[in-house]
Every structure is written in C-alpha cells, then in structure tokens.
$ cat coords_37.txt   # compact mmCIF, C-alpha atoms and all ligand atoms
# COMPACT_ATOMS: atom_id res chain seq x y z
CA MET A 89 -66.16 -17.51 -48.47
CA ARG A 90 -66.80 -13.79 -48.07
CA GLN A 91 -64.51 -13.67 -45.09
CA GLN A 92 -61.68 -15.29 -46.99
CA ALA A 93 -62.05 -12.77 -49.77
CA ALA A 94 -61.63 -9.94 -47.26
CA PHE A 95 -58.11 -11.15 -46.46
CA LYS A 96 -57.03 -11.45 -50.04
CA ILE A 97 -54.67 -8.69 -51.06
CA LYS A 98 -55.22 -7.08 -54.42
CA PRO A 99 -52.08 -7.29 -56.59
CA SER A 100 -52.18 -3.51 -56.92
CA LEU A 101 -51.76 -3.27 -53.16
CA TYR A 102 -48.65 -5.47 -52.99
CA PRO A 103 -46.22 -2.52 -52.80
CA VAL A 104 -48.21 -1.06 -49.90
CA PHE A 105 -48.29 -4.38 -48.15
CA ASN A 106 -44.52 -4.69 -48.63
CA MET A 107 -43.97 -1.22 -47.27
CA VAL A 108 -45.95 -1.99 -44.14
CA ASN A 109 -43.98 -5.17 -43.79
CA ASN A 110 -40.68 -3.38 -44.28
CA ARG A 111 -41.66 -0.74 -41.79
CA HIS A 112 -42.31 -3.53 -39.38
CA ILE A 113 -38.81 -4.82 -40.02
CA SER A 114 -37.35 -1.32 -39.67
CA LEU A 115 -39.09 -1.01 -36.32
CA ILE A 116 -37.52 -4.26 -35.18
CA LEU A 117 -34.12 -3.07 -36.36
CA LEU A 118 -34.62 0.30 -34.69
CA SER A 119 -35.55 -1.31 -31.39
CA ALA A 120 -32.53 -3.57 -31.67
CA LEU A 121 -30.36 -0.51 -32.25
CA LEU A 122 -31.91 1.39 -29.35
CA TYR A 123 -31.46 -1.64 -27.17
CA SER A 124 -27.79 -1.93 -28.08
CA GLN A 125 -27.37 1.79 -27.39
CA ALA A 126 -29.04 1.32 -24.03
CA GLY A 127 -26.60 -1.51 -23.43
CA ALA A 128 -23.77 0.95 -24.00
CA ALA A 129 -25.09 3.33 -21.37
CA SER A 130 -23.61 2.93 -17.93
CA ASP A 131 -25.95 2.74 -14.97
CA ALA A 132 -23.69 4.27 -12.37
CA ILE A 133 -22.09 7.37 -13.85
CA GLU A 134 -25.04 9.79 -13.91
CA PRO A 135 -26.28 8.95 -10.39
CA LEU A 136 -22.70 9.25 -9.09
CA LYS A 137 -22.30 12.64 -10.71
CA ALA A 138 -25.59 13.73 -9.12
CA ARG A 139 -24.28 12.56 -5.76
CA TYR A 140 -21.00 14.49 -6.19
CA GLN A 141 -22.98 17.57 -7.16
CA LYS A 142 -25.01 17.30 -3.98
CA LEU A 143 -21.73 17.17 -2.09
CA GLY A 144 -20.91 20.60 -3.54
CA ALA A 145 -19.09 19.89 -6.80
CA LEU A 146 -19.22 22.56 -9.51
CA PRO A 147 -20.24 21.62 -13.09
CA PHE A 148 -17.93 18.86 -14.34
CA ASP A 149 -15.30 19.49 -16.95
CA VAL A 150 -13.83 17.12 -19.56
CA ASP A 151 -10.47 18.91 -19.73
CA ARG A 152 -10.00 18.97 -15.98
CA GLY A 153 -10.78 15.26 -16.02
CA ARG A 154 -8.27 14.64 -18.79
CA GLN A 155 -5.53 16.59 -16.96
CA LEU A 156 -6.16 14.64 -13.81
CA TRP A 157 -6.11 11.36 -15.70
CA ASN A 158 -2.70 12.13 -17.19
CA ARG A 159 -1.24 13.86 -14.16
CA LYS A 160 1.99 12.22 -13.02
CA VAL A 161 2.49 12.29 -9.29
CA LEU A 162 5.69 11.32 -7.50
CA HIS A 163 5.18 8.34 -5.25
CA ASN A 164 7.46 8.93 -2.29
CA ARG A 165 8.25 5.39 -1.25
CA SER A 166 8.97 3.99 -4.72
CA GLY A 167 10.44 7.22 -6.07
CA LYS A 168 8.43 6.64 -9.26
CA MET A 169 5.88 8.78 -11.05
CA ARG A 170 2.37 7.39 -11.04
CA SER A 171 -0.75 8.16 -13.07
CA CYS A 172 -4.16 6.65 -13.85
CA SER A 173 -2.92 5.93 -17.36
CA ASN A 174 -0.20 3.62 -15.94
CA CYS A 175 -2.75 0.80 -15.83
CA HIS A 176 -5.72 1.96 -17.91
CA GLY A 177 -3.90 3.72 -20.74
CA THR A 178 -5.40 6.78 -22.43
CA THR A 179 -7.64 5.15 -25.07
CA PHE A 180 -10.62 3.71 -23.26
CA THR A 181 -11.78 1.58 -26.20
CA LYS A 182 -8.54 -0.39 -25.75
CA PRO A 183 -7.60 -2.67 -22.87
CA GLY A 184 -5.11 -1.54 -20.24
CA ARG A 185 -2.44 -3.47 -18.40
CA HIS A 186 -1.71 -3.47 -14.69
CA ILE A 187 1.71 -1.89 -14.31
CA ARG A 188 2.78 -4.28 -11.55
CA THR A 189 0.96 -7.59 -12.13
CA ARG A 190 1.01 -7.14 -15.95
CA LYS A 191 -2.58 -8.43 -16.01
CA VAL A 192 -4.80 -7.17 -18.80
CA ILE A 193 -7.48 -4.71 -17.63
CA LYS A 194 -10.66 -4.58 -19.70
CA PRO A 195 -11.31 -1.35 -21.63
CA LEU A 196 -13.03 1.36 -19.57
CA SER A 197 -15.36 2.26 -22.46
CA VAL A 198 -18.92 0.98 -22.00
CA ALA A 199 -19.16 0.83 -25.80
CA ILE A 200 -16.63 -2.01 -25.77
CA GLU A 201 -17.19 -3.41 -22.29
CA PRO A 202 -20.90 -3.16 -21.30
CA SER A 203 -20.15 -4.30 -17.75
CA ARG A 204 -18.25 -1.04 -17.15
CA PHE A 205 -19.66 1.45 -14.64
CA ASN A 206 -22.66 -0.72 -13.81
CA SER A 207 -22.36 -0.36 -10.04
CA MET A 208 -21.91 2.80 -8.00
CA LYS A 209 -20.39 0.79 -5.20
CA LYS A 210 -17.81 -0.80 -7.49
CA VAL A 211 -16.82 2.54 -9.01
CA GLU A 212 -16.41 4.11 -5.54
CA LYS A 213 -14.38 1.15 -4.36
CA TRP A 214 -11.91 1.46 -7.25
CA PHE A 215 -11.76 5.26 -7.03
CA LYS A 216 -10.79 4.84 -3.41
CA ARG A 217 -8.06 2.29 -4.12
CA ASN A 218 -6.72 3.81 -7.29
CA CYS A 219 -6.66 7.44 -6.15
CA LYS A 220 -4.75 6.30 -3.09
CA TRP A 221 -2.31 4.22 -5.17
CA THR A 222 -1.81 6.96 -7.77
CA PHE A 223 -2.07 10.24 -5.85
CA SER A 224 -1.42 8.95 -2.31
CA ARG A 225 -4.72 10.58 -1.28
CA PRO A 226 -8.44 10.18 -1.95
CA CYS A 227 -10.01 11.98 -4.93
CA SER A 228 -12.55 14.71 -4.15
CA PRO A 229 -16.15 14.53 -5.45
CA GLN A 230 -15.18 17.26 -7.95
CA GLU A 231 -12.22 15.21 -9.23
CA LYS A 232 -14.24 12.00 -9.47
CA GLY A 233 -17.01 13.78 -11.39
CA ASP A 234 -14.49 15.40 -13.75
CA ILE A 235 -12.82 12.02 -14.40
CA LEU A 236 -16.15 10.28 -15.05
CA THR A 237 -17.16 13.08 -17.43
CA PHE A 238 -13.84 12.70 -19.26
CA ILE A 239 -14.31 8.90 -19.51
CA GLN A 240 -17.86 9.43 -20.86
CA PHE A 241 -16.54 11.93 -23.40
CA GLU A 242 -13.95 9.42 -24.61
CA THR A 243 -16.39 6.49 -24.87
CA TRP A 244 -16.12 6.13 -28.66
CA ARG A 245 -12.59 7.39 -29.35
CA LYS A 246 -10.43 4.74 -30.99
C1 LIG B 301 -1.99 0.03 -10.50
C2 LIG B 301 -3.00 -0.09 -11.56
C3 LIG B 301 -4.10 0.91 -11.64
C4 LIG B 301 -3.98 2.29 -11.63
C5 LIG B 301 -2.73 3.13 -11.60
C6 LIG B 301 -5.33 2.80 -11.71
N1 LIG B 301 -6.23 1.78 -11.79
FE1 LIG B 301 -8.25 1.94 -11.96
N2 LIG B 301 -8.43 -0.08 -11.86
C7 LIG B 301 -7.40 -0.96 -11.73
C8 LIG B 301 -7.92 -2.30 -11.57
C9 LIG B 301 -7.10 -3.59 -11.39
C10 LIG B 301 -9.33 -2.18 -11.59
C11 LIG B 301 -10.34 -3.31 -11.36
C12 LIG B 301 -10.39 -4.28 -12.45
C13 LIG B 301 -11.28 -3.84 -13.57
O1 LIG B 301 -12.22 -3.08 -13.33
O2 LIG B 301 -11.01 -4.26 -14.70
C14 LIG B 301 -9.61 -0.77 -11.79
C15 LIG B 301 -10.89 -0.24 -11.90
C16 LIG B 301 -11.17 1.10 -11.99
C17 LIG B 301 -12.50 1.65 -12.03
C18 LIG B 301 -13.81 0.87 -11.99
C19 LIG B 301 -14.53 0.91 -13.34
C20 LIG B 301 -15.85 0.18 -13.32
O3 LIG B 301 -16.18 -0.48 -14.30
O4 LIG B 301 -16.58 0.28 -12.35
C21 LIG B 301 -12.36 3.01 -12.05
C22 LIG B 301 -13.47 4.06 -12.06
C23 LIG B 301 -10.95 3.30 -12.06
N3 LIG B 301 -10.25 2.12 -12.03
C24 LIG B 301 -10.43 4.58 -12.08
C25 LIG B 301 -9.08 4.86 -11.93
C26 LIG B 301 -8.56 6.20 -11.73
C27 LIG B 301 -9.38 7.47 -11.66
C28 LIG B 301 -7.22 6.09 -11.63
C29 LIG B 301 -6.22 7.16 -11.31
C30 LIG B 301 -6.48 7.96 -10.11
C31 LIG B 301 -6.91 4.66 -11.74
N4 LIG B 301 -8.06 3.96 -11.92
C32 LIG B 301 -5.62 4.15 -11.69
C33 LIG B 301 -6.05 -0.66 -11.77
C34 LIG B 301 -5.52 0.59 -11.73
$ encode --input "coords_37.txt" --output "structure tokens"
Amino acid sequence: MRQQAAFKIKPSLYPVFNMVNNRHISLILLSALLYSQAGAASDAIEPLKARYQKLGALPFDVDRGRQLWNRKVLHNRSGKMRSCSNCHGTTFTKPGRHIRTRKVIKPLSVAIEPSRFNSMKKVEKWFKRNCKWTFSRPCSPQEKGDILTFIQFETWRK
C-alpha cells in the first residue's frame, strides 16, 4: 500500500503535473515541426554548391541567379526567345507549365514539393538538358550555383 501512495499526486501538485504533461506535448509538437522543416530541406542543393565551389566558383549570388533565370536568349533555329521561366514560371511555390507539351510541372519550391532537389544526379541531368534548351549551351558551375541559391532564396515566396 505504501508504494501505491507514492504514485498518488497531491491535488496541490495538479498544476505542476499538467505543466509537465503540456511540456511533453509541446516537445512532441516541436519535434513534429522540426521534422516538417527537415522535410522542406533539399538534400542535393548544398552538396552541389560545395561541388561547384571546388570547381572554382566564387560565392553565389541571389541576384545573379535571378537575372539568369529571367534572361531571354534568342534560339536561332526557332527564332524565339527562351528562358527558364518559360516552363517553370517565376514563383516557385506555384506549378509551371511546359511551353511545348503544355504539361504541368510541379513547383520548384521544396516547401510545396518535398521531392524537389532530392538527388544531385537528377538536378545535374535537368541542368544539362534545360541549359542546352534555353541557352543553347551548358551552364557553368558558377551559373548553376547562382540559380540554386536564387531558388533557395525564393522557397517561401508566394
Ligand atoms: C522547355 C521547358 C523547360 C525549360 C525552359 C526549363 N525547364 Fe527545368 N525542367 C523541365 C522539366 C520537364 C523538368 C523535369 C520534370 C520535373 O522536375 O518536374 C525540369 C526540371 C528541372 C530541374 C530539376 C529539379 C529537381 O527537383 O531536381 C532543375 C534544377 C531545372 N529544371 C532547372 C532549369 C533551369 C535552370 C532552366 C533554365 C536554364 C530550366 N530548368 C528551363 C522543363 C523545363
């Protein structure tokens, strides 16, 4: 019987007990929040930027990335101007649309689309294709790092 008594909570201690309990709940909520934040973090961007830096890129710049993203380049064969925003738009929390196939392209923001930038190989593959399609040449490590930095910067903009 003595043991049982030890587990009884005095009524005067109820608020304390509740606080401990609430803190427990807050901790669960906090971990859930941290987890969801972690879910919003891409796995590929930082390692790619480190790779580009090793290849000689200078510190990356959001504005240079933005200019590149919006730059319109004349495509010789079609006679049309092309830019990254043709298919992805300029608001990365919103979906894009492929200018030729008209297919919807998922938003580039990892906040909206957690599968974004989760593979270095995939990012490099699309940089290769899209820089060629848009600029008729590959993008340099500096340009790729600037663009990724710009996309990161715009993660939450609606
Ligand atoms: C003609 C349409 C089109 C244009 C223009 C275009 N893209 Fe894309 N892009 C795509 C498609 C299609 C995908 C693959 C499908 C997807 O990821 O939803 C893609 C995927 C990507 C990805 C991969 C993202 C990830 O989650 O790994 C990156 C990075 C990217 N594009 C960057 C660019 C850049 C930089 C430019 C301009 C130089 C550009 N794109 C221009 C159509 C385009």
$ residues_near_ligand --input "coords_37.txt" --ligand "ligand LIG 301 (chain B)" --cutoff "6 Å" --atoms "all atoms listed in the file" --output "PyMOL selection string"
chain A and resi 171-172+174-175+186-187+193-194+204-205+210-211+214-215+218-219+222
$ closest_residue --input "coords_37.txt" --among "A:Pro202, A:Gly177, A:Pro229, A:Gly167" --to "Leu146 in chain A" --atoms "only C-alpha atoms"
A:Pro229
$ closest_residue --input "coords_37.txt" --among "A:Lys182, A:Asp151, A:Ile235, A:His176" --to "Ala199 in chain A" --atoms "all atoms listed in the file"
A:Lys182
$ closest_residue --input "coords_37.txt" --among "A:Ser224, A:Thr189, A:Asn206, A:Thr181" --to "Phe241 in chain A" --atoms "only C-alpha atoms"
A:Thr181
$ closest_residue --input "coords_37.txt" --among "A:Leu162, A:Ile133, A:Leu143, A:Leu196" --to "Arg245 in chain A" --atoms "all atoms listed in the file"
A:Leu196
$ atom_distance --input "coords_37.txt" --atom1 "CA of Lys232 in chain A" --atom2 "CA of Asp149 in chain A"
10.6 Å
$ atom_distance --input "coords_37.txt" --atom1 "CA of Ala138 in chain A" --atom2 "CA of Gln230 in chain A"
11.1 Å
$ residues_around --input "coords_37.txt" --residues "Gly144 in chain A" --least-positions-apart "2" --cutoff "12 Å" --atoms "all atoms listed in the file" --output "list in words"
Lys137, Ala138, Arg139, Tyr140, Gln141, Lys142, Leu146, Pro147, Phe148, Ser228, Pro229, Gln230, Glu231 and Gly233 of chain A
$ residues_around --input "coords_37.txt" --residues "Trp157 in chain A" --least-positions-apart "2" --cutoff "9 Å" --atoms "all atoms listed in the file" --output "JSON, numbers by chain"
{"A": [152, 153, 154, 155, 159, 160, 171, 172, 173, 178, 235, 238]}
$ closest_residue --input "coords_37.txt" --among "A:Lys209, A:Arg225, A:Lys246, A:Arg190" --to "His163 in chain A" --atoms "all atoms listed in the file"
A:Arg225
$ closest_residue --input "coords_37.txt" --among "A:Cys227, A:Asn164, A:Val150, A:Ile200" --to "Lys213 in chain A" --atoms "all atoms listed in the file"
A:Cys227
$ atom_distance --input "coords_37.txt" --atom1 "CA of Thr237 in chain A" --atom2 "CA of Asp131 in chain A"
13.8 Å
